[in-house]
Structures are given as C-alpha cells and as structure tokens.
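Peer 1: This is the structure, below, for whatever I ask next.
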Amino acid sequence: MKHFLTMELRTELTLKESPISMTAKVELPTKLIDKLADLPEQGMGYQVVNVTLKNGQVLMDRRVVNSTYLILLDNEHLTTADIENVELYKK
C-alpha cells in the first residue's frame, strides 16, 4: 500500500508568527502622515524617525510603518493627540 504525503499551503501567518501583529501602535496625525508619505523609506514599508511629543519629550530612532503607524515600545501608551512632529532619524 502506498502512502501519499499531502501538504497544505498556508497563505497567512498565525498571530504567533507575525512580527508586528501583537505590537502596540498608534496612528500619526494626518498632517504627519502626509509629511512622511513624501519622504524616503529606510526599509521595506517603514521609516526610522524621531518623534516629538506635545510635552516636549523626543522619542529617538523609532519605526513608522506605511508612513502611518508609530510602533510603540511595551511600556508606552500614547495617543494620536500626544504627537507633535516627526523627523527622519539621522545618526
């Protein structure tokens, strides 16, 4: 008797496999999305930026995906209203 191995093609990553599916993110204000859309990407679909918050704090060397979503660190809780400006990160 012959046994055949069948393979199932998976087209989606599971939540455990997806690198950003469980990461917190916040949408940038519209004016900053428009600003980043006109600037170059540093990688495939993301930009490395410095983020200035309205309280004066600056978050250095951060990732924005699709010129729209700031990826937050585990201990950060920001809203769109907290964000004042973004600039491309320069070493």
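Going through the structure tokens in order, the chains are called A, B, and so on, while each chain numbers its residues from 1 and the ligands are numbered from 1 in the order shown.
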For range 60-67 of chain A, please output as a PyMOL selection string all residues within 9 Å (counting only C-alpha atoms; exclusion window: fewer than 3 positions along the same chain).

Peer 2: chain A and resi 25+28+32-37+39+41+45-52+70-72+88-91

Peer 1: Tell me which protein, DNA and RNA residues are within 12 Å of Thr30 in chain A, counting only C-alpha atoms, leaving out same-chain ones fewer than 6 positions away, and put them as a list in words.

Peer 2: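 The residues that qualify are Leu36, Ala37, Ser67, Thr68, Tyr69, Thr80, Ala81, Ile83, Glu84, Asn85 and Val86 of chain A.
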
Peer 1: Looking only at the backbone, which of the residues in range 17-62 of chain A does DSSP tag as strand (DSSP E), as a PyMOL selection string?

Peer 2: chain A and resi 25-27+46-53+58-62

Peer 1: Hey, can you check how far CA of Glu27 in chain A sits from CA of Leu59 in chain A?

Peer 2: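 Separation between CA of Glu27 in chain A and CA of Leu59 in chain A: 15.3 Å.
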
Peer 1: Mind pulling up the distance from CA of Gly43 in chain A to CA of Asp82 in chain A?

Peer 2: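 Between these atoms lies a distance of 25.6 Å.
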
Peer 1: Report the distance between CA of Pro29 in chain A and CA of Met44 in chain A in Å, rounded to one decimal place.

Peer 2: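 Straight-line distance from CA of Pro29 in chain A to CA of Met44 in chain A works out to 21.8 Å.
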
Peer 1: Between A:Thr79, A:Val26, A:Glu87, A:Val58, which has the minimum distance to Asp38 in chain A (counting only C-alpha atoms)?

Peer 2: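 Checking each of A:Thr79, A:Val26, A:Glu87, A:Val58 against Asp38 in chain A, counting only C-alpha atoms, the winner is A:Glu87.
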